[in-house]
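Visitor: One file is attached below, input05.txt, containing compact mmCIF, C-alpha atoms.
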```txt
# COMPACT_ATOMS: atom_id res chain seq x y z
CA ASP A 1 99.56 -93.25 2.77
CA THR A 2 97.58 -96.25 1.55
CA GLU A 3 97.50 -98.14 4.79
CA VAL A 4 94.77 -99.26 7.10
CA THR A 5 96.21 -99.71 10.58
CA GLN A 6 94.59 -102.04 13.07
CA THR A 7 95.44 -102.37 16.75
CA PRO A 8 96.05 -104.53 18.62
CA LYS A 9 97.37 -107.26 16.33
CA HIS A 10 96.57 -109.90 18.94
CA LEU A 11 94.09 -109.83 21.80
CA VAL A 12 93.22 -112.44 24.39
CA MET A 13 90.20 -111.76 26.56
CA GLY A 14 87.94 -113.53 28.99
CA MET A 15 84.20 -113.79 28.50
CA THR A 16 83.52 -111.09 31.08
CA ASN A 17 86.03 -108.58 29.76
CA LYS A 18 85.39 -105.40 27.83
CA LYS A 19 87.90 -104.59 25.11
CA SER A 20 88.07 -102.59 21.89
CA LEU A 21 89.60 -103.06 18.48
CA LYS A 22 90.77 -99.96 16.66
CA CYS A 23 91.19 -99.12 13.00
CA GLU A 24 92.63 -96.01 11.39
CA GLN A 25 93.04 -94.79 7.82
CA HIS A 26 94.23 -91.51 6.32
CA MET A 27 93.24 -92.00 2.69
CA GLY A 28 90.20 -89.76 2.89
CA HIS A 29 87.87 -92.73 2.58
CA ARG A 30 84.36 -92.14 3.88
CA ALA A 31 83.27 -95.80 3.94
CA MET A 32 84.66 -98.16 6.56
CA TYR A 33 83.95 -101.83 7.19
CA TRP A 34 84.35 -104.56 9.77
CA TYR A 35 84.71 -108.15 8.63
CA LYS A 36 85.11 -111.29 10.72
CA GLN A 37 87.13 -114.25 9.47
CA LYS A 38 87.22 -117.70 11.02
CA ALA A 39 90.05 -120.09 10.21
CA LYS A 40 89.94 -121.42 6.64
CA LYS A 41 86.77 -119.45 5.87
CA PRO A 42 86.20 -116.32 3.77
CA PRO A 43 85.74 -112.94 5.47
CA GLU A 44 82.17 -112.24 6.57
CA LEU A 45 80.82 -108.73 6.50
CA MET A 46 79.70 -107.39 9.89
CA PHE A 47 79.21 -103.63 9.62
CA VAL A 48 79.52 -100.83 7.08
CA TYR A 49 79.85 -97.15 7.95
CA SER A 50 79.15 -94.45 5.42
CA TYR A 51 79.99 -90.83 6.25
CA GLU A 52 80.49 -91.90 9.88
CA LYS A 53 76.98 -93.33 10.11
CA LEU A 54 76.15 -97.01 10.38
CA SER A 55 74.61 -98.04 7.08
CA ILE A 56 74.77 -101.85 7.21
CA ASN A 57 74.56 -104.21 10.18
CA GLU A 58 74.59 -107.83 9.06
CA SER A 59 72.54 -109.02 12.04
CA VAL A 60 75.58 -109.00 14.30
CA PRO A 61 74.97 -109.82 18.01
CA SER A 62 74.85 -106.82 20.31
CA ARG A 63 77.96 -107.96 22.16
CA PHE A 64 79.77 -106.38 19.20
CA SER A 65 79.31 -102.61 19.19
CA PRO A 66 80.84 -100.54 16.37
CA GLU A 67 81.69 -96.89 16.62
CA CYS A 68 82.97 -94.38 14.07
CA PRO A 69 84.08 -91.28 16.03
CA ASN A 70 85.43 -89.49 12.95
CA SER A 71 86.17 -90.08 9.30
CA SER A 72 89.57 -91.67 10.01
CA LEU A 73 88.75 -93.95 12.92
CA LEU A 74 86.63 -97.04 13.38
CA ASN A 75 86.29 -98.95 16.62
CA LEU A 76 84.74 -102.28 17.52
CA HIS A 77 83.78 -102.56 21.18
CA LEU A 78 83.64 -106.08 22.57
CA HIS A 79 81.74 -107.18 25.65
CA ALA A 80 80.69 -110.55 27.03
CA LEU A 81 82.06 -112.44 24.07
CA GLN A 82 81.89 -116.20 23.63
CA PRO A 83 84.74 -118.55 22.72
CA GLU A 84 83.16 -119.00 19.28
CA ASP A 85 83.79 -115.30 18.64
CA SER A 86 87.50 -116.05 18.42
CA ALA A 87 88.52 -115.01 14.92
CA LEU A 88 90.51 -112.56 12.82
CA TYR A 89 88.73 -109.19 12.70
CA LEU A 90 89.47 -107.21 9.58
CA CYS A 91 88.90 -103.52 9.03
CA ALA A 92 88.67 -102.01 5.56
CA SER A 93 87.98 -98.65 3.96
CA SER A 94 86.98 -97.40 0.53
CA HIS A 95 85.87 -94.38 -1.40
CA ILE A 96 82.18 -93.64 -1.75
CA LEU A 97 81.09 -92.92 -5.30
CA ARG A 98 77.45 -93.39 -6.20
CA GLY A 99 77.33 -96.08 -8.84
CA GLY A 100 81.06 -95.84 -9.29
CA ASP A 101 83.40 -98.78 -9.44
CA LYS A 102 86.01 -97.31 -7.09
CA ALA A 103 83.65 -98.02 -4.21
CA GLY A 104 84.41 -101.71 -4.60
CA GLU A 105 88.14 -101.26 -4.13
CA LEU A 106 88.53 -101.93 -0.44
CA PHE A 107 91.79 -101.41 1.42
CA PHE A 108 92.16 -103.91 4.24
CA GLY A 109 94.23 -103.84 7.38
CA GLU A 110 96.24 -106.83 8.59
CA GLY A 111 93.58 -107.70 11.12
CA SER A 112 93.29 -108.18 14.87
CA ARG A 113 93.41 -111.79 15.96
CA LEU A 114 91.05 -112.26 18.87
CA THR A 115 91.03 -115.20 21.25
CA VAL A 116 88.20 -115.48 23.76
CA LEU A 117 88.88 -117.80 26.70
CA ASP B 118 72.56 -110.97 -5.49
CA ALA B 119 74.82 -112.67 -8.00
CA LYS B 120 76.78 -115.61 -6.62
CA THR B 121 80.15 -116.85 -7.78
CA THR B 122 81.55 -120.34 -8.21
CA GLN B 123 85.27 -121.04 -8.15
CA PRO B 124 87.37 -124.20 -8.00
CA THR B 125 88.50 -124.99 -4.49
CA SER B 126 92.17 -125.23 -5.38
CA MET B 127 94.63 -125.04 -8.27
CA ASP B 128 98.33 -125.61 -8.80
CA CYS B 129 100.60 -123.62 -11.07
CA ALA B 130 104.31 -123.95 -11.88
CA GLU B 131 106.48 -120.99 -11.02
CA GLY B 132 107.05 -118.74 -14.03
CA ARG B 133 103.99 -120.02 -15.86
CA ALA B 134 100.69 -118.19 -16.29
CA ALA B 135 98.03 -118.91 -13.70
CA ASN B 136 94.47 -118.86 -15.03
CA LEU B 137 91.81 -118.73 -12.34
CA PRO B 138 88.22 -119.22 -13.52
CA CYS B 139 85.03 -117.87 -11.97
CA ASN B 140 81.40 -118.46 -12.86
CA HIS B 141 78.83 -115.76 -12.12
CA SER B 142 75.92 -116.77 -14.32
CA THR B 143 73.32 -114.66 -12.48
CA ILE B 144 75.25 -111.40 -12.70
CA SER B 145 73.20 -108.30 -13.47
CA GLY B 146 74.08 -105.88 -16.22
CA ASN B 147 75.33 -103.21 -13.86
CA GLU B 148 77.29 -105.39 -11.47
CA TYR B 149 81.08 -105.36 -11.46
CA VAL B 150 83.38 -108.34 -11.05
CA TYR B 151 86.17 -107.87 -8.51
CA TRP B 152 89.13 -110.03 -7.70
CA TYR B 153 90.92 -110.04 -4.37
CA ARG B 154 93.55 -112.29 -2.93
CA GLN B 155 94.53 -113.16 0.61
CA ILE B 156 98.00 -114.33 1.42
CA HIS B 157 98.19 -116.40 4.59
CA SER B 158 97.69 -114.36 7.78
CA GLN B 159 97.29 -111.08 5.89
CA GLY B 160 94.29 -108.94 5.02
CA PRO B 161 92.73 -109.33 1.56
CA GLN B 162 94.32 -107.34 -1.25
CA TYR B 163 92.49 -105.83 -4.19
CA ILE B 164 93.76 -107.08 -7.55
CA ILE B 165 91.52 -105.90 -10.37
CA HIS B 166 87.93 -105.34 -11.40
CA GLY B 167 85.86 -105.05 -14.55
CA LEU B 168 82.37 -104.58 -15.95
CA LYS B 169 82.32 -105.69 -19.59
CA ASN B 170 85.70 -105.16 -21.14
CA ASN B 171 88.90 -107.01 -20.45
CA GLU B 172 91.16 -105.21 -18.02
CA THR B 173 94.88 -105.29 -17.31
CA ASN B 174 97.00 -103.73 -14.61
CA GLU B 175 100.44 -104.30 -13.18
CA MET B 176 99.28 -107.31 -11.20
CA ALA B 177 96.98 -109.24 -13.49
CA SER B 178 94.59 -109.39 -16.42
CA LEU B 179 90.86 -109.95 -16.22
CA ILE B 180 89.02 -111.59 -19.09
CA ILE B 181 85.21 -111.36 -18.96
CA THR B 182 83.16 -113.40 -21.42
CA GLU B 183 80.85 -111.54 -23.77
CA ASP B 184 77.74 -112.81 -21.96
CA ARG B 185 79.41 -111.83 -18.63
CA LYS B 186 78.53 -115.17 -17.08
CA SER B 187 82.12 -116.03 -16.35
CA SER B 188 85.56 -114.50 -16.03
CA THR B 189 89.20 -115.53 -15.75
CA LEU B 190 91.93 -113.89 -13.73
CA ILE B 191 95.34 -114.29 -15.31
CA LEU B 192 98.61 -113.92 -13.44
CA PRO B 193 101.04 -113.86 -16.37
CA HIS B 194 104.17 -115.13 -14.62
CA ALA B 195 103.30 -116.69 -11.29
CA THR B 196 105.85 -116.56 -8.48
CA LEU B 197 105.92 -118.33 -5.13
CA ARG B 198 104.68 -115.12 -3.54
CA ASP B 199 101.45 -115.44 -5.53
CA THR B 200 100.43 -118.46 -3.44
CA ALA B 201 97.19 -117.26 -1.85
CA VAL B 202 93.42 -117.65 -1.78
CA TYR B 203 91.89 -115.77 -4.72
CA TYR B 204 88.36 -114.46 -4.36
CA CYS B 205 86.08 -113.60 -7.26
CA ILE B 206 83.36 -111.23 -6.08
CA VAL B 207 80.38 -109.68 -7.77
CA ARG B 208 79.83 -106.33 -6.24
CA VAL B 209 76.50 -106.24 -4.48
CA ARG B 210 74.92 -102.89 -5.01
CA TYR B 211 73.29 -101.32 -1.99
CA GLY B 212 70.72 -98.57 -2.25
CA GLY B 213 72.89 -95.60 -1.61
CA ALA B 214 76.47 -94.53 -1.61
CA THR B 215 77.92 -97.65 -0.02
CA ASN B 216 78.17 -101.17 -1.21
CA LYS B 217 78.58 -104.65 0.18
CA LEU B 218 81.46 -106.85 -0.88
CA ILE B 219 80.55 -110.45 -0.10
CA PHE B 220 83.37 -112.97 -0.27
CA GLY B 221 82.77 -116.48 -1.59
CA THR B 222 84.88 -119.51 -0.77
CA GLY B 223 87.69 -118.61 -3.20
CA THR B 224 90.41 -120.65 -4.93
CA LEU B 225 93.59 -121.63 -3.15
CA LEU B 226 96.35 -121.17 -5.72
CA ALA B 227 99.53 -123.04 -4.90
CA VAL B 228 102.51 -121.98 -6.99
CA GLN B 229 105.03 -124.81 -7.17
CA PRO B 230 108.79 -124.30 -7.58
```
Before we go any further, please render this structure as structure tokens.
Guide:
Amino acid sequence: DTEVTQTPKHLVMGMTNKKSLKCEQHMGHRAMYWYKQKAKKPPELMFVYSYEKLSINESVPSRFSPECPNSSLLNLHLHALQPEDSALYLCASSHILRGGDKAGELFFGEGSRLTVL
Amino acid sequence: DAKTTQPTSMDCAEGRAANLPCNHSTISGNEYVYWYRQIHSQGPQYIIHGLKNNETNEMASLIITEDRKSSTLILPHATLRDTAVYYCIVRVRYGGATNKLIFGTGTLLAVQP
């Protein structure tokens, strides 16, 4: 199984709602990532988890709250979002090998397209 | 962190080789070059990577210059399904077991029938 599964595929929420995006992989990867992609722009790194611990937070606003409950799951909790947060949210996973090149081979999901009204 | 420069867009005729250039003149000796592509409305897809030597797999070939300041991704026989944004990325090393993959603006390759 070489898939990264993201749910839901589409989400519409109001600015006062609380929602979550979910990501799952069964490739035994111990690094997981959240990226955000606006229309016609490249993906922007948000968070990196390594061995289920947050290792990189790219100065993301606190209204985005990541969670990695186990080695196969990654969540992104959303609260009090703004319309400008509307974007495609991409989850990815990879192996962790110190200094190794396999760590750069990320497997991406299809993304969750979020619209904030 | 090494940055990459790619042309904004390129055209290629179906069945011909597509050669996508990338400049990474500030690359460090231990940084890898990765190529990904993103077909419209899909997640990015890993294509190939290299350090010093040229590399080939079932999808593409990667040619890295001897001074490592630039590289070229070659799709030997482009098809319409290869129309996508192609990202050249220098792997940013992070102190530890993880790494950051930072996407640049990429090249939109349009394969024409």
Visitor: Which polymer residues, whether protein, DNA or RNA, lie within 12 Å of the coordinate (95.7, -98.9, 9.8) when you count all atoms listed in the file? List them as a PDB file with C-alpha atoms, in the coordinates of the input, using the chain letters and numbers from the file.
Guide:
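The file below, selection-v9.pdb, is the result:
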```pdb
ATOM      1  CA  ASP A   1      99.560 -93.250   2.770  1.00  0.00           C
ATOM      2  CA  THR A   2      97.580 -96.250   1.550  1.00  0.00           C
ATOM      3  CA  GLU A   3      97.500 -98.140   4.790  1.00  0.00           C
ATOM      4  CA  VAL A   4      94.770 -99.260   7.100  1.00  0.00           C
ATOM      5  CA  THR A   5      96.210 -99.710  10.580  1.00  0.00           C
ATOM      6  CA  GLN A   6      94.590-102.040  13.070  1.00  0.00           C
ATOM      7  CA  THR A   7      95.440-102.370  16.750  1.00  0.00           C
ATOM      8  CA  PRO A   8      96.050-104.530  18.620  1.00  0.00           C
ATOM      9  CA  LYS A   9      97.370-107.260  16.330  1.00  0.00           C
ATOM     10  CA  LEU A  21      89.600-103.060  18.480  1.00  0.00           C
ATOM     11  CA  LYS A  22      90.770 -99.960  16.660  1.00  0.00           C
ATOM     12  CA  CYS A  23      91.190 -99.120  13.000  1.00  0.00           C
ATOM     13  CA  GLU A  24      92.630 -96.010  11.390  1.00  0.00           C
ATOM     14  CA  GLN A  25      93.040 -94.790   7.820  1.00  0.00           C
ATOM     15  CA  HIS A  26      94.230 -91.510   6.320  1.00  0.00           C
ATOM     16  CA  MET A  27      93.240 -92.000   2.690  1.00  0.00           C
ATOM     17  CA  MET A  32      84.660 -98.160   6.560  1.00  0.00           C
ATOM     18  CA  SER A  72      89.570 -91.670  10.010  1.00  0.00           C
ATOM     19  CA  LEU A  73      88.750 -93.950  12.920  1.00  0.00           C
ATOM     20  CA  LEU A  74      86.630 -97.040  13.380  1.00  0.00           C
ATOM     21  CA  ASN A  75      86.290 -98.950  16.620  1.00  0.00           C
ATOM     22  CA  LEU A  90      89.470-107.210   9.580  1.00  0.00           C
ATOM     23  CA  CYS A  91      88.900-103.520   9.030  1.00  0.00           C
ATOM     24  CA  ALA A  92      88.670-102.010   5.560  1.00  0.00           C
ATOM     25  CA  SER A  93      87.980 -98.650   3.960  1.00  0.00           C
ATOM     26  CA  PHE A 107      91.790-101.410   1.420  1.00  0.00           C
ATOM     27  CA  PHE A 108      92.160-103.910   4.240  1.00  0.00           C
ATOM     28  CA  GLY A 109      94.230-103.840   7.380  1.00  0.00           C
ATOM     29  CA  GLU A 110      96.240-106.830   8.590  1.00  0.00           C
ATOM     30  CA  GLY A 111      93.580-107.700  11.120  1.00  0.00           C
ATOM     31  CA  SER A 112      93.290-108.180  14.870  1.00  0.00           C
TER      32      SER A 112
ATOM     33  CA  GLY B 160      94.290-108.940   5.020  1.00  0.00           C
TER      34      GLY B 160
END
```
Visitor: Rounded to one decimal in Å, what is the spacing between CA of Leu117 in chain A and CA of Ser62 in chain A?
Guide: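 CA of Leu117 in chain A sits 18.9 Å away from CA of Ser62 in chain A.
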Visitor: Once you count all atoms listed in the file, what closest atom pair and distance in Å to one decimal does each residue of chain A within 10 Å of chain B have, with rows by chain and rising residue number, as JSON lines?
Guide:
```
{"residue": "A:Val4", "atom": "CA", "partner": "B:Gly160", "partner_atom": "CA", "distance": 9.9}
{"residue": "A:Arg30", "atom": "CA", "partner": "B:Thr215", "partner_atom": "CA", "distance": 9.3}
{"residue": "A:Ala31", "atom": "CA", "partner": "B:Thr215", "partner_atom": "CA", "distance": 6.9}
{"residue": "A:Met32", "atom": "CA", "partner": "B:Thr215", "partner_atom": "CA", "distance": 9.4}
{"residue": "A:Tyr33", "atom": "CA", "partner": "B:Lys217", "partner_atom": "CA", "distance": 9.3}
{"residue": "A:Tyr35", "atom": "CA", "partner": "B:Ile219", "partner_atom": "CA", "distance": 9.9}
{"residue": "A:Gln37", "atom": "CA", "partner": "B:Gly160", "partner_atom": "CA", "distance": 10.0}
{"residue": "A:Ala39", "atom": "CA", "partner": "B:Ser158", "partner_atom": "CA", "distance": 9.9}
{"residue": "A:Lys40", "atom": "CA", "partner": "B:Thr222", "partner_atom": "CA", "distance": 9.2}
{"residue": "A:Lys41", "atom": "CA", "partner": "B:Thr222", "partner_atom": "CA", "distance": 6.9}
{"residue": "A:Pro42", "atom": "CA", "partner": "B:Thr222", "partner_atom": "CA", "distance": 5.7}
{"residue": "A:Pro43", "atom": "CA", "partner": "B:Phe220", "partner_atom": "CA", "distance": 6.2}
{"residue": "A:Glu44", "atom": "CA", "partner": "B:Phe220", "partner_atom": "CA", "distance": 7.0}
{"residue": "A:Leu45", "atom": "CA", "partner": "B:Ile219", "partner_atom": "CA", "distance": 6.8}
{"residue": "A:Phe47", "atom": "CA", "partner": "B:Lys217", "partner_atom": "CA", "distance": 9.5}
{"residue": "A:Val48", "atom": "CA", "partner": "B:Thr215", "partner_atom": "CA", "distance": 7.9}
{"residue": "A:Tyr49", "atom": "CA", "partner": "B:Thr215", "partner_atom": "CA", "distance": 8.2}
{"residue": "A:Ser50", "atom": "CA", "partner": "B:Thr215", "partner_atom": "CA", "distance": 6.4}
{"residue": "A:Tyr51", "atom": "CA", "partner": "B:Ala214", "partner_atom": "CA", "distance": 9.4}
{"residue": "A:Ser55", "atom": "CA", "partner": "B:Thr215", "partner_atom": "CA", "distance": 7.8}
{"residue": "A:Ile56", "atom": "CA", "partner": "B:Lys217", "partner_atom": "CA", "distance": 8.5}
{"residue": "A:Leu88", "atom": "CA", "partner": "B:Ser158", "partner_atom": "CA", "distance": 9.0}
{"residue": "A:Tyr89", "atom": "CA", "partner": "B:Gly160", "partner_atom": "CA", "distance": 9.5}
{"residue": "A:Leu90", "atom": "CA", "partner": "B:Gly160", "partner_atom": "CA", "distance": 6.9}
{"residue": "A:Cys91", "atom": "CA", "partner": "B:Gly160", "partner_atom": "CA", "distance": 8.6}
{"residue": "A:Ala92", "atom": "CA", "partner": "B:Gly160", "partner_atom": "CA", "distance": 8.9}
{"residue": "A:Ser94", "atom": "CA", "partner": "B:Thr215", "partner_atom": "CA", "distance": 9.1}
{"residue": "A:His95", "atom": "CA", "partner": "B:Thr215", "partner_atom": "CA", "distance": 8.7}
{"residue": "A:Ile96", "atom": "CA", "partner": "B:Ala214", "partner_atom": "CA", "distance": 5.8}
{"residue": "A:Leu97", "atom": "CA", "partner": "B:Ala214", "partner_atom": "CA", "distance": 6.1}
{"residue": "A:Arg98", "atom": "CA", "partner": "B:Ala214", "partner_atom": "CA", "distance": 4.8}
{"residue": "A:Gly99", "atom": "CA", "partner": "B:Ala214", "partner_atom": "CA", "distance": 7.4}
{"residue": "A:Gly100", "atom": "CA", "partner": "B:Ala214", "partner_atom": "CA", "distance": 9.0}
{"residue": "A:Asp101", "atom": "CA", "partner": "B:Tyr149", "partner_atom": "CA", "distance": 7.3}
{"residue": "A:Lys102", "atom": "CA", "partner": "B:His166", "partner_atom": "CA", "distance": 9.3}
{"residue": "A:Ala103", "atom": "CA", "partner": "B:Asn216", "partner_atom": "CA", "distance": 7.0}
{"residue": "A:Gly104", "atom": "CA", "partner": "B:Arg208", "partner_atom": "CA", "distance": 6.7}
{"residue": "A:Glu105", "atom": "CA", "partner": "B:Tyr163", "partner_atom": "CA", "distance": 6.3}
{"residue": "A:Leu106", "atom": "CA", "partner": "B:Tyr163", "partner_atom": "CA", "distance": 6.7}
{"residue": "A:Phe107", "atom": "CA", "partner": "B:Gln162", "partner_atom": "CA", "distance": 7.0}
{"residue": "A:Phe108", "atom": "CA", "partner": "B:Gly160", "partner_atom": "CA", "distance": 5.5}
{"residue": "A:Gly109", "atom": "CA", "partner": "B:Gly160", "partner_atom": "CA", "distance": 5.6}
{"residue": "A:Glu110", "atom": "CA", "partner": "B:Gly160", "partner_atom": "CA", "distance": 4.6}
{"residue": "A:Gly111", "atom": "CA", "partner": "B:Gly160", "partner_atom": "CA", "distance": 6.3}
{"residue": "A:Ser112", "atom": "CA", "partner": "B:Gly160", "partner_atom": "CA", "distance": 9.9}
{"residue": "A:Arg113", "atom": "CA", "partner": "B:Ser158", "partner_atom": "CA", "distance": 9.6}
```
Visitor: Which value, in Å to one decimal, gives the distance between CA of Arg63 in chain A and CA of Thr115 in chain A?
Guide: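 These atoms are spaced 15.0 Å apart.
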Visitor: Each side padded by 4 Å, which centre and which edge lengths in Å (one decimal) define the axis-aligned box around the listed atoms of range 193-206 of chain B? Give them as JSON.
Guide:
```
{"center_x": 94.6, "center_y": -114.8, "center_z": -9.1, "size_x": 30.6, "size_y": 15.2, "size_z": 22.6}
```
Visitor: Within 8 Å of (94.9, -111.4, -12.5) (coordinates as in the file), grab all the protein and nucleic acid residues, counting all atoms listed in the file, and write them out as a list in words.
Guide: Asn136, Leu137, Trp152, Ile164, Ile165, Thr173, Met176, Ala177, Ser178, Leu179, Thr189, Leu190, Ile191, Leu192 and Pro193 of chain B
